[in-house]
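Notes follow the structure.
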Amino acid sequence: GVFISAGRPEEKAMLLPSLSILREMKIPLYATSGTADFIRKHGFKVEQIEWQSIQSSLSTLIQTGKVDFVINVPKNYTRNEPVSYTHLT
């Protein structure tokens, strides 16, 4: 599956053609609440992951093999936006 957290509406819109390909390939989608709302409004099935539990939920999804690709587009590119990198083996 693919986990998506895409910042502004413009960035979300740019993902739509790729999401169509993923849907054709029957790849499950997971997303943060704002991204999930946008994706649903465009006719895609997506499982919403709550921001409050994002780190533990995403870690579990990756460890259990449900997610093997992450798309993370920040809302802005300032130092104020929290960023974390986790490498799971």
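Letters for chains follow the order of the structure tokens (A, B, ...), residue numbers begin at 1 for each chain, and ligand numbers begin at 1 in the order shown.
Residues in contact with range 41-49 of chain A at up to 6 Å, not including ones fewer than 5 positions away on its chain and judged by only C-alpha atoms, are Leu29, Tyr30, Ala31, Thr32, Ser33 and Ala36 of chain A.
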Could you turn the residues from that selection into a file that holds C-alpha atoms, as a short mmCIF file (atom, residue, chain, number, x, y, z; two decimals), in the first residue's frame?
```cif
data_model
loop_
_atom_site.label_atom_id
_atom_site.label_comp_id
_atom_site.auth_asym_id
_atom_site.auth_seq_id
_atom_site.Cartn_x
_atom_site.Cartn_y
_atom_site.Cartn_z
CA LEU A 29 -4.22 3.93 -0.11
CA TYR A 30 -3.71 5.36 3.38
CA ALA A 31 -3.59 9.09 4.16
CA THR A 32 -3.72 11.77 6.81
CA SER A 33 -7.17 13.30 7.39
CA ALA A 36 -7.87 11.47 2.78
#
```
Excluding range 62-67 of chain A and its own-chain neighbours fewer than 6 positions away, which residues fall within 10 Å of it when counting only C-alpha atoms? Please give them as a compact mmCIF listing (two decimals) with all heavy atoms, in the first residue's frame.
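Listing of part-v9.txt after writing:
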```
# COMPACT_ATOMS: atom_id res chain seq x y z
N GLY A 1 0.82 -1.19 0.00
CA GLY A 1 0.00 0.00 0.00
C GLY A 1 0.86 1.25 0.00
O GLY A 1 2.07 1.20 0.17
N VAL A 2 0.20 2.37 -0.19
CA VAL A 2 0.87 3.66 -0.24
C VAL A 2 0.26 4.59 0.79
O VAL A 2 -0.97 4.72 0.87
CB VAL A 2 0.75 4.31 -1.64
CG1 VAL A 2 1.37 5.69 -1.67
CG2 VAL A 2 1.40 3.41 -2.69
N PHE A 3 1.11 5.23 1.59
CA PHE A 3 0.68 6.24 2.55
C PHE A 3 0.97 7.60 1.95
O PHE A 3 2.06 7.85 1.44
CB PHE A 3 1.40 6.10 3.89
CG PHE A 3 1.08 7.22 4.83
CD1 PHE A 3 -0.08 7.20 5.57
CD2 PHE A 3 1.92 8.31 4.94
CE1 PHE A 3 -0.40 8.24 6.41
CE2 PHE A 3 1.62 9.36 5.79
CZ PHE A 3 0.46 9.32 6.53
N ILE A 27 -3.85 -1.12 -5.48
CA ILE A 27 -2.95 -0.85 -4.35
C ILE A 27 -3.71 -0.01 -3.34
O ILE A 27 -4.24 1.05 -3.66
CB ILE A 27 -1.67 -0.13 -4.84
CG1 ILE A 27 -0.88 -1.09 -5.73
CG2 ILE A 27 -0.84 0.36 -3.65
CD1 ILE A 27 0.34 -0.50 -6.35
N PRO A 28 -3.78 -0.47 -2.09
CA PRO A 28 -4.51 0.28 -1.05
C PRO A 28 -3.84 1.62 -0.75
O PRO A 28 -2.62 1.75 -0.78
CB PRO A 28 -4.45 -0.63 0.17
CG PRO A 28 -3.82 -1.89 -0.24
CD PRO A 28 -3.22 -1.71 -1.58
N LEU A 29 -4.70 2.61 -0.45
CA LEU A 29 -4.22 3.93 -0.11
C LEU A 29 -4.52 4.24 1.35
O LEU A 29 -5.61 3.92 1.85
CB LEU A 29 -4.89 4.99 -0.99
CG LEU A 29 -4.72 4.84 -2.49
CD1 LEU A 29 -5.54 5.92 -3.22
CD2 LEU A 29 -3.25 4.92 -2.87
N TYR A 30 -3.57 4.89 2.01
CA TYR A 30 -3.71 5.36 3.38
C TYR A 30 -3.29 6.82 3.36
O TYR A 30 -2.39 7.21 2.60
CB TYR A 30 -2.78 4.59 4.32
CG TYR A 30 -3.01 3.10 4.32
CD1 TYR A 30 -2.40 2.28 3.38
CD2 TYR A 30 -3.85 2.52 5.26
CE1 TYR A 30 -2.62 0.92 3.37
CE2 TYR A 30 -4.06 1.14 5.27
CZ TYR A 30 -3.45 0.35 4.31
OH TYR A 30 -3.66 -0.99 4.31
N SER A 56 3.04 6.10 15.30
CA SER A 56 2.87 4.70 15.66
C SER A 56 2.04 3.95 14.61
O SER A 56 2.35 2.81 14.28
CB SER A 56 2.24 4.56 17.05
OG SER A 56 0.94 5.11 17.06
N LEU A 88 13.01 1.73 8.86
CA LEU A 88 12.62 0.44 9.42
C LEU A 88 13.21 -0.67 8.56
O LEU A 88 13.14 -0.63 7.35
CB LEU A 88 11.09 0.31 9.43
CG LEU A 88 10.36 1.37 10.25
CD1 LEU A 88 8.87 1.23 10.02
CD2 LEU A 88 10.68 1.21 11.71
N THR A 89 13.81 -1.65 9.22
CA THR A 89 14.36 -2.77 8.45
C THR A 89 13.62 -4.03 8.78
O THR A 89 12.97 -4.16 9.76
CB THR A 89 15.85 -2.96 8.74
OG1 THR A 89 16.02 -3.10 10.14
CG2 THR A 89 16.63 -1.77 8.21
```
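Backbone DSSP of chain A yields strand (DSSP E or B) at Val2, Phe3, Ile4, Ser5, Ala6, Leu29, Tyr30, Ala31, Thr32, Glu47, Gln48, Ile49, Phe69, Val70, Ile71, Asn72 and Val73 of chain A.
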Long-range neighbours of Ser5 in chain A as a list of chain:residue names, 8 Å cut-off, only C-alpha atoms, 6 positions minimum in chain: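 Residues near the query, excluding close chain neighbours: A:Ala31, A:Thr32, A:Thr35, A:Ile71, A:Asn72, A:Val73, A:Pro74.
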Which residue of A:Ile39, A:Phe69, A:Gly34, A:Trp51 approaches Leu19 in chain A most closely, using only C-alpha atoms: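 Using only C-alpha atoms, the shortest distance to Leu19 in chain A belongs to A:Ile39.
Rounded to one decimal, CA of Glu24 in chain A and CA of Glu10 in chain A lie 22.9 Å from each other.
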